[in-house]
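These notes are about the structure you will find just below.
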Amino acid sequence: MAAGKAAKGATKDAWAGDGSGSGVRGDTLWEQVAALIGTILLITTTPPSATFIVYICTKLHGSSWALVEGFRSDGLAFATRVLNECWPSAEAWKVIVAFGAFEAFLQLYLPGKEFKGPVTVRGNVPVYTANGVQSYVVTLLALAALSYTGVYNPARVTDLICEIITALSMFAYGFCFFLLVKGHVAPSTSDSGSSGNWLHDFYWGMELYPRIGKHFDIKQFTNCRFGMMGWAVLIMCYAAKQVERDGALADSTLVSVLLSQIYIAKFFWWETGYFGSIDIMYDRAGYYICWGCLVWVPSLYTSPVLYVAQQHVVLGPALAGAIFLAGVTCIWINFDADRQRQDFRASQGKMLIWGKPGGKIVAKYTTSAGEQKESLLLTSGWWGITRHFHYLPEISAAFFWSLPGLFNHVAGYFYVIFLTFLLADRAVRDDRRCRGKYGKYWEEYCKRVPYKMLPYIF
């Protein structure tokens with residue numbers, strides 16, 4: 001990645017939080033106080049929430065109400081019992097270190113094509129090794145080899161999952177403090193800066209593209225190689241535990257695992273496209289994105305499979321097949337929407353969309369360096385339905401890989417509920433950012449495509 005001495009001279013002007021500038025911190029005193037309280041609440045409540053999610057699925061048979069009743073009836077004694085049960089053992093730490101070291105090694109040394117990310121507003125160009133698919137295949141083969149040779153039983157990870165999530169929370173806290181210090185002392189590029197408030201810097205992050213050394217990109221590791229790859233590995237461990245316990249894999253678990261793995265495989269196939277997403281281009285490396293990928297993804301995102309693997313629900317061929325087909329359709333639509341936009345921009349708008357010339361707006365904007373540039377805003381195909389259409393099939397796909405658990409407990413739907421709120425918020429943030437970036441061109445785009453995410457509703 002291009003870097004320079006200007007990185008150490010980055011000022012508050014360089015800080016953009018989630019890409020929308022002062023909108024994150026608040027312009028009025030009340031907004032700043034509300035943002036501060038909200039940040040403190042999130043930093044203090046999300047770690048125990050991550051542990052409670054997996055605790056409910058594994059220790060309370062998926063009943064959220066049992067957790068509430070435990071606190072209501074026993075109070076501090078119940079909390080102490082949960083803490084003791086979830087306190088990380090040496091084995092849990094070894095699992096985390098082994099997995100993290102293996103994925104870091106693959107990221108650095110597995111062959112792949114060089115990929116250059118979008119130029120930043122300060123003129124830096126992030127450079128990656130596009131070896132996501134290779135890492136995904138090697139990781140799953142390595143897991144299978146560990147199981148087949150008897151070196152380590154993947155089902156054991158399920159037994160340790162509460163400890164693993166608690167340990168990850170501890171590690172991620174320390175890692176985010178490391179990022180805070182690094183952002184102040186040794187930023188990797190000039191795309192770094194402080195908000196002037198250390199708590200906001202801790203939560204939203206300071207650096208856009210932090211690296212250790214020249215080649216190890218931290219966000220690629222936390223977001224892709226630890227978070228997403230951990231998702232792929234953990235759900236296989238949950239399935240292995242069901243086979244060990246029940247002697248067979250239920251069709252409900254099979255459907256949930258297959259849909260999740262297809263989605264994850266799609267992610268790694270499209271990983272270079274992810275490098276142009278809001279997560280990478282605008283969200284800085286802080287608690288919000290890095291703790292989320294290190295802890296929230298392994299706990300919440302895997303919870304639908306963890307829940308259904310504990311329940312042993314039998315769907316039958318017809319229902320299992322119908323859910324699988326619906327889920328695959330949603331994943332394909334999500335992929336096709338992203339592909340459609342990428343191909344349209346790569347062709348400079350000279351391609352057919354659903355058999356017709358693609359509608360577009362040529363949006364001009366000015367960078368912070370005063371350069372005049374332009375982007376193409378696609379107004380037809382999937383992107384003529386809503387401005388953030390790809391979020392709809394993503395939420396729908398998550399619903400279908402949660403559905404095999406049926407409707408006995410809400411715990412099976414924790415992820416899809418969270419995802420709905422997350423992507424709705426992201427649609428609002430992205431709209432705000434684009435309105436500030438493109439101005440009148442975005443206003444024209446909103447007239448042509450009037451809905452953010454859900455036609456006629458939102």
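Within each chain, counting starts at residue 1; across the structure tokens, chains are named A, B, ... in the order shown, with ligands numbered 1 upward in that order.
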Sorted by chain and rising residue number, which residues of stretch 144-174 of chain A lie within 12 Å of stretch 121-139 of chain A, and what are their closest atom pairs and distances in Å to one decimal, counting only C-alpha atoms, as a tab-separated table?
residue	atom	partner	partner_atom	distance
A:Ala144	CA	A:Thr139	CA	8.7
A:Ala145	CA	A:Thr139	CA	9.8
A:Leu146	CA	A:Thr139	CA	10.6
I want to know what sits within 12 Å of A:Ala248, based on only C-alpha atoms, with residues of the same chain fewer than 3 positions away left out; could you give that as number ranges by chain?
A: 239-245, 251-254, 309, 312-314
Any idea what's packed within 9 Å of A:Pro88, counting only C-alpha atoms, ignoring anything in its chain fewer than 6 positions away? Could you give it as a PyMOL selection string?
chain A and resi 160+162-167
Please report, as a PyMOL selection string, each residue of stretch 59-307 of chain A to which DSSP assigns helix (DSSP H, G or I) when run on this structure's backbone.
chain A and resi 59+64-74+76-86+90-109+132-149+155-159+161-185+198-204+218-246+251-269+271-274+278-281+287-301+303-307
So which residues touch A:Tyr263 within 12 Å, counting only C-alpha atoms, skipping near sequence neighbours fewer than 4 positions away, as a ChimeraX atom specification?
/A:228-229,231-232,256-259,267-271,301,327-335,393-398,400-401
Polymer residues at most 12 Å from A:Ala79, only C-alpha atoms, same-chain spacing of 2 or more positions, as a list in words:
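Contacts, with the query itself left out: Pro48, Thr51, Phe52, Tyr55, Leu67, Val68, Glu69, Gly70, Phe71, Arg72, Ser73, Asp74, Gly75, Leu76, Ala77, Arg81, Val82, Leu83, Asn84, Glu85, Cys86 and Trp87 of chain A.
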Would you mind exporting the chosen residues as an mmCIF file, in the first residue's frame, restricted to N, CA, C and O atoms?
data_model
loop_
_atom_site.group_PDB
_atom_site.id
_atom_site.type_symbol
_atom_site.label_atom_id
_atom_site.label_comp_id
_atom_site.auth_asym_id
_atom_site.auth_seq_id
_atom_site.Cartn_x
_atom_site.Cartn_y
_atom_site.Cartn_z
ATOM 1 N N PRO A 48 -20.611 -9.447 26.773
ATOM 2 C CA PRO A 48 -21.440 -10.464 27.435
ATOM 3 C C PRO A 48 -22.559 -10.978 26.539
ATOM 4 O O PRO A 48 -22.936 -12.152 26.621
ATOM 5 N N THR A 51 -21.320 -13.883 24.462
ATOM 6 C CA THR A 51 -21.238 -15.114 25.259
ATOM 7 C C THR A 51 -22.620 -15.674 25.543
ATOM 8 O O THR A 51 -22.846 -16.890 25.464
ATOM 9 N N PHE A 52 -23.570 -14.793 25.884
ATOM 10 C CA PHE A 52 -24.927 -15.257 26.184
ATOM 11 C C PHE A 52 -25.572 -15.944 24.977
ATOM 12 O O PHE A 52 -26.337 -16.897 25.128
ATOM 13 N N TYR A 55 -24.230 -19.370 24.850
ATOM 14 C CA TYR A 55 -24.640 -20.052 26.081
ATOM 15 C C TYR A 55 -26.096 -20.501 25.981
ATOM 16 O O TYR A 55 -26.432 -21.636 26.373
ATOM 17 N N LEU A 67 -32.616 -17.904 30.206
ATOM 18 C CA LEU A 67 -31.581 -16.963 30.643
ATOM 19 C C LEU A 67 -32.193 -15.869 31.501
ATOM 20 O O LEU A 67 -31.656 -15.518 32.563
ATOM 21 N N VAL A 68 -33.320 -15.325 31.054
ATOM 22 C CA VAL A 68 -34.012 -14.285 31.812
ATOM 23 C C VAL A 68 -34.426 -14.815 33.183
ATOM 24 O O VAL A 68 -34.241 -14.151 34.212
ATOM 25 N N GLU A 69 -34.985 -16.017 33.204
ATOM 26 C CA GLU A 69 -35.426 -16.625 34.466
ATOM 27 C C GLU A 69 -34.243 -16.869 35.407
ATOM 28 O O GLU A 69 -34.363 -16.715 36.624
ATOM 29 N N GLY A 70 -33.111 -17.266 34.840
ATOM 30 C CA GLY A 70 -31.926 -17.484 35.660
ATOM 31 C C GLY A 70 -31.491 -16.221 36.374
ATOM 32 O O GLY A 70 -31.191 -16.244 37.579
ATOM 33 N N PHE A 71 -31.460 -15.109 35.643
ATOM 34 C CA PHE A 71 -31.088 -13.832 36.259
ATOM 35 C C PHE A 71 -32.164 -13.365 37.238
ATOM 36 O O PHE A 71 -31.855 -12.810 38.294
ATOM 37 N N ARG A 72 -33.425 -13.600 36.885
ATOM 38 C CA ARG A 72 -34.513 -13.133 37.751
ATOM 39 C C ARG A 72 -34.545 -13.877 39.074
ATOM 40 O O ARG A 72 -34.754 -13.298 40.133
ATOM 41 N N SER A 73 -34.306 -15.175 39.020
ATOM 42 C CA SER A 73 -34.439 -15.984 40.236
ATOM 43 C C SER A 73 -33.156 -16.020 41.072
ATOM 44 O O SER A 73 -33.208 -16.014 42.297
ATOM 45 N N ASP A 74 -31.994 -16.060 40.410
ATOM 46 C CA ASP A 74 -30.743 -16.234 41.150
ATOM 47 C C ASP A 74 -29.805 -15.031 41.097
ATOM 48 O O ASP A 74 -28.823 -14.972 41.830
ATOM 49 N N GLY A 75 -30.086 -14.115 40.186
ATOM 50 C CA GLY A 75 -29.322 -12.883 40.130
ATOM 51 C C GLY A 75 -27.837 -13.086 39.955
ATOM 52 O O GLY A 75 -27.367 -13.750 39.029
ATOM 53 N N LEU A 76 -27.061 -12.535 40.896
ATOM 54 C CA LEU A 76 -25.611 -12.559 40.814
ATOM 55 C C LEU A 76 -25.064 -13.985 40.837
ATOM 56 O O LEU A 76 -24.063 -14.284 40.185
ATOM 57 N N ALA A 77 -25.735 -14.866 41.552
ATOM 58 C CA ALA A 77 -25.280 -16.254 41.621
ATOM 59 C C ALA A 77 -25.349 -16.909 40.243
ATOM 60 O O ALA A 77 -24.454 -17.678 39.854
ATOM 61 N N ARG A 81 -22.256 -18.252 37.906
ATOM 62 C CA ARG A 81 -22.231 -19.607 37.349
ATOM 63 C C ARG A 81 -21.944 -19.583 35.851
ATOM 64 O O ARG A 81 -21.156 -20.380 35.338
ATOM 65 N N VAL A 82 -22.584 -18.649 35.143
ATOM 66 C CA VAL A 82 -22.350 -18.515 33.699
ATOM 67 C C VAL A 82 -20.890 -18.143 33.437
ATOM 68 O O VAL A 82 -20.247 -18.711 32.540
ATOM 69 N N LEU A 83 -20.376 -17.212 34.234
ATOM 70 C CA LEU A 83 -18.987 -16.782 34.056
ATOM 71 C C LEU A 83 -18.013 -17.943 34.270
ATOM 72 O O LEU A 83 -17.061 -18.127 33.497
ATOM 73 N N ASN A 84 -18.277 -18.747 35.306
ATOM 74 C CA ASN A 84 -17.410 -19.898 35.580
ATOM 75 C C ASN A 84 -17.455 -20.917 34.448
ATOM 76 O O ASN A 84 -16.430 -21.486 34.058
ATOM 77 N N GLU A 85 -18.655 -21.159 33.927
ATOM 78 C CA GLU A 85 -18.809 -22.119 32.834
ATOM 79 C C GLU A 85 -18.157 -21.624 31.549
ATOM 80 O O GLU A 85 -17.734 -22.440 30.717
ATOM 81 N N CYS A 86 -18.098 -20.314 31.368
ATOM 82 C CA CYS A 86 -17.599 -19.745 30.118
ATOM 83 C C CYS A 86 -16.187 -19.185 30.227
ATOM 84 O O CYS A 86 -15.672 -18.634 29.251
ATOM 85 N N TRP A 87 -15.578 -19.307 31.413
ATOM 86 C CA TRP A 87 -14.227 -18.770 31.568
ATOM 87 C C TRP A 87 -13.259 -19.592 30.714
ATOM 88 O O TRP A 87 -13.250 -20.812 30.772
#
Long-range neighbours of A:His184 as number ranges by chain, 8 Å cut-off, only C-alpha atoms, 2 positions minimum in chain
A: 8, 180-182, 186-187, 193-194, 206
Suppose we keep N, CA and C atoms; can you now write the selection as a PDB file, in the first residue's frame?
ATOM      1  N   LYS A   8       1.917  10.407   9.595  1.00  0.00           N
ATOM      2  CA  LYS A   8       2.100  10.812  10.981  1.00  0.00           C
ATOM      3  C   LYS A   8       1.597  12.226  11.235  1.00  0.00           C
ATOM      4  N   LEU A 180      -5.690   1.456  18.518  1.00  0.00           N
ATOM      5  CA  LEU A 180      -5.784   2.845  18.954  1.00  0.00           C
ATOM      6  C   LEU A 180      -4.383   3.440  19.127  1.00  0.00           C
ATOM      7  N   VAL A 181      -3.511   2.718  19.818  1.00  0.00           N
ATOM      8  CA  VAL A 181      -2.146   3.197  20.029  1.00  0.00           C
ATOM      9  C   VAL A 181      -1.409   3.297  18.698  1.00  0.00           C
ATOM     10  N   LYS A 182      -1.544   2.278  17.865  1.00  0.00           N
ATOM     11  CA  LYS A 182      -0.879   2.277  16.569  1.00  0.00           C
ATOM     12  C   LYS A 182      -1.325   3.470  15.717  1.00  0.00           C
ATOM     13  N   ALA A 186       1.990   5.056  15.057  1.00  0.00           N
ATOM     14  CA  ALA A 186       2.607   4.556  13.816  1.00  0.00           C
ATOM     15  C   ALA A 186       1.559   4.168  12.779  1.00  0.00           C
ATOM     16  N   PRO A 187       0.780   5.141  12.279  1.00  0.00           N
ATOM     17  CA  PRO A 187      -0.216   4.814  11.250  1.00  0.00           C
ATOM     18  C   PRO A 187       0.457   4.320   9.974  1.00  0.00           C
ATOM     19  N   GLY A 193      -6.410   9.345  11.240  1.00  0.00           N
ATOM     20  CA  GLY A 193      -6.571  10.589  11.980  1.00  0.00           C
ATOM     21  C   GLY A 193      -7.424  10.393  13.209  1.00  0.00           C
ATOM     22  N   SER A 194      -7.432  11.370  14.067  1.00  0.00           N
ATOM     23  CA  SER A 194      -8.156  11.301  15.330  1.00  0.00           C
ATOM     24  C   SER A 194      -9.385  12.189  15.292  1.00  0.00           C
ATOM     25  N   MET A 206      -9.112   4.629  13.878  1.00  0.00           N
ATOM     26  CA  MET A 206      -8.350   5.761  13.360  1.00  0.00           C
ATOM     27  C   MET A 206      -7.821   5.505  11.953  1.00  0.00           C
TER      28      MET A 206
END
At a cut-off of 9 Å, using only C-alpha atoms, what residues contact A:Phe275? Leave out same-chain residues fewer than 5 positions from it and give the result as a VMD selection string.
chain A and resid 116 to 118 128 220 280 to 281
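One distance worth recording is that between atom CA of A:Gly183 and atom CA of A:Thr39, which is 19.1 Å.
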Nearest residue to A:Leu300 from the set A:Leu42, A:Ile161, A:Ala285, A:Ile96 (distances using only C-alpha atoms)
A:Ile161
Record the distance separating atom CA of A:Met236 and atom CA of A:Pro154, expressed in Å with one decimal.
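That distance, rounded to one decimal, is 7.7 Å.
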So how far away is atom CA of A:Lys437 from atom CA of A:Arg284, in Å?
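Spanning atom CA of A:Arg284 to atom CA of A:Lys437 is a straight-line distance of 17.9 Å.
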Can you tell me, as a list in words, which residues in stretch 352-447 of chain A count as strand (DSSP E or B) by DSSP?
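Here are the strand (DSSP E or B) residues of stretch 352-447 of chain A: Leu352, Ile353, Lys356, Pro357, Lys360, Ile361, Val362, Ala363, Lys364, Tyr365, Thr366, Gln372, Lys373, Glu374, Ser375, Leu376, Leu377 and Leu378 of chain A.
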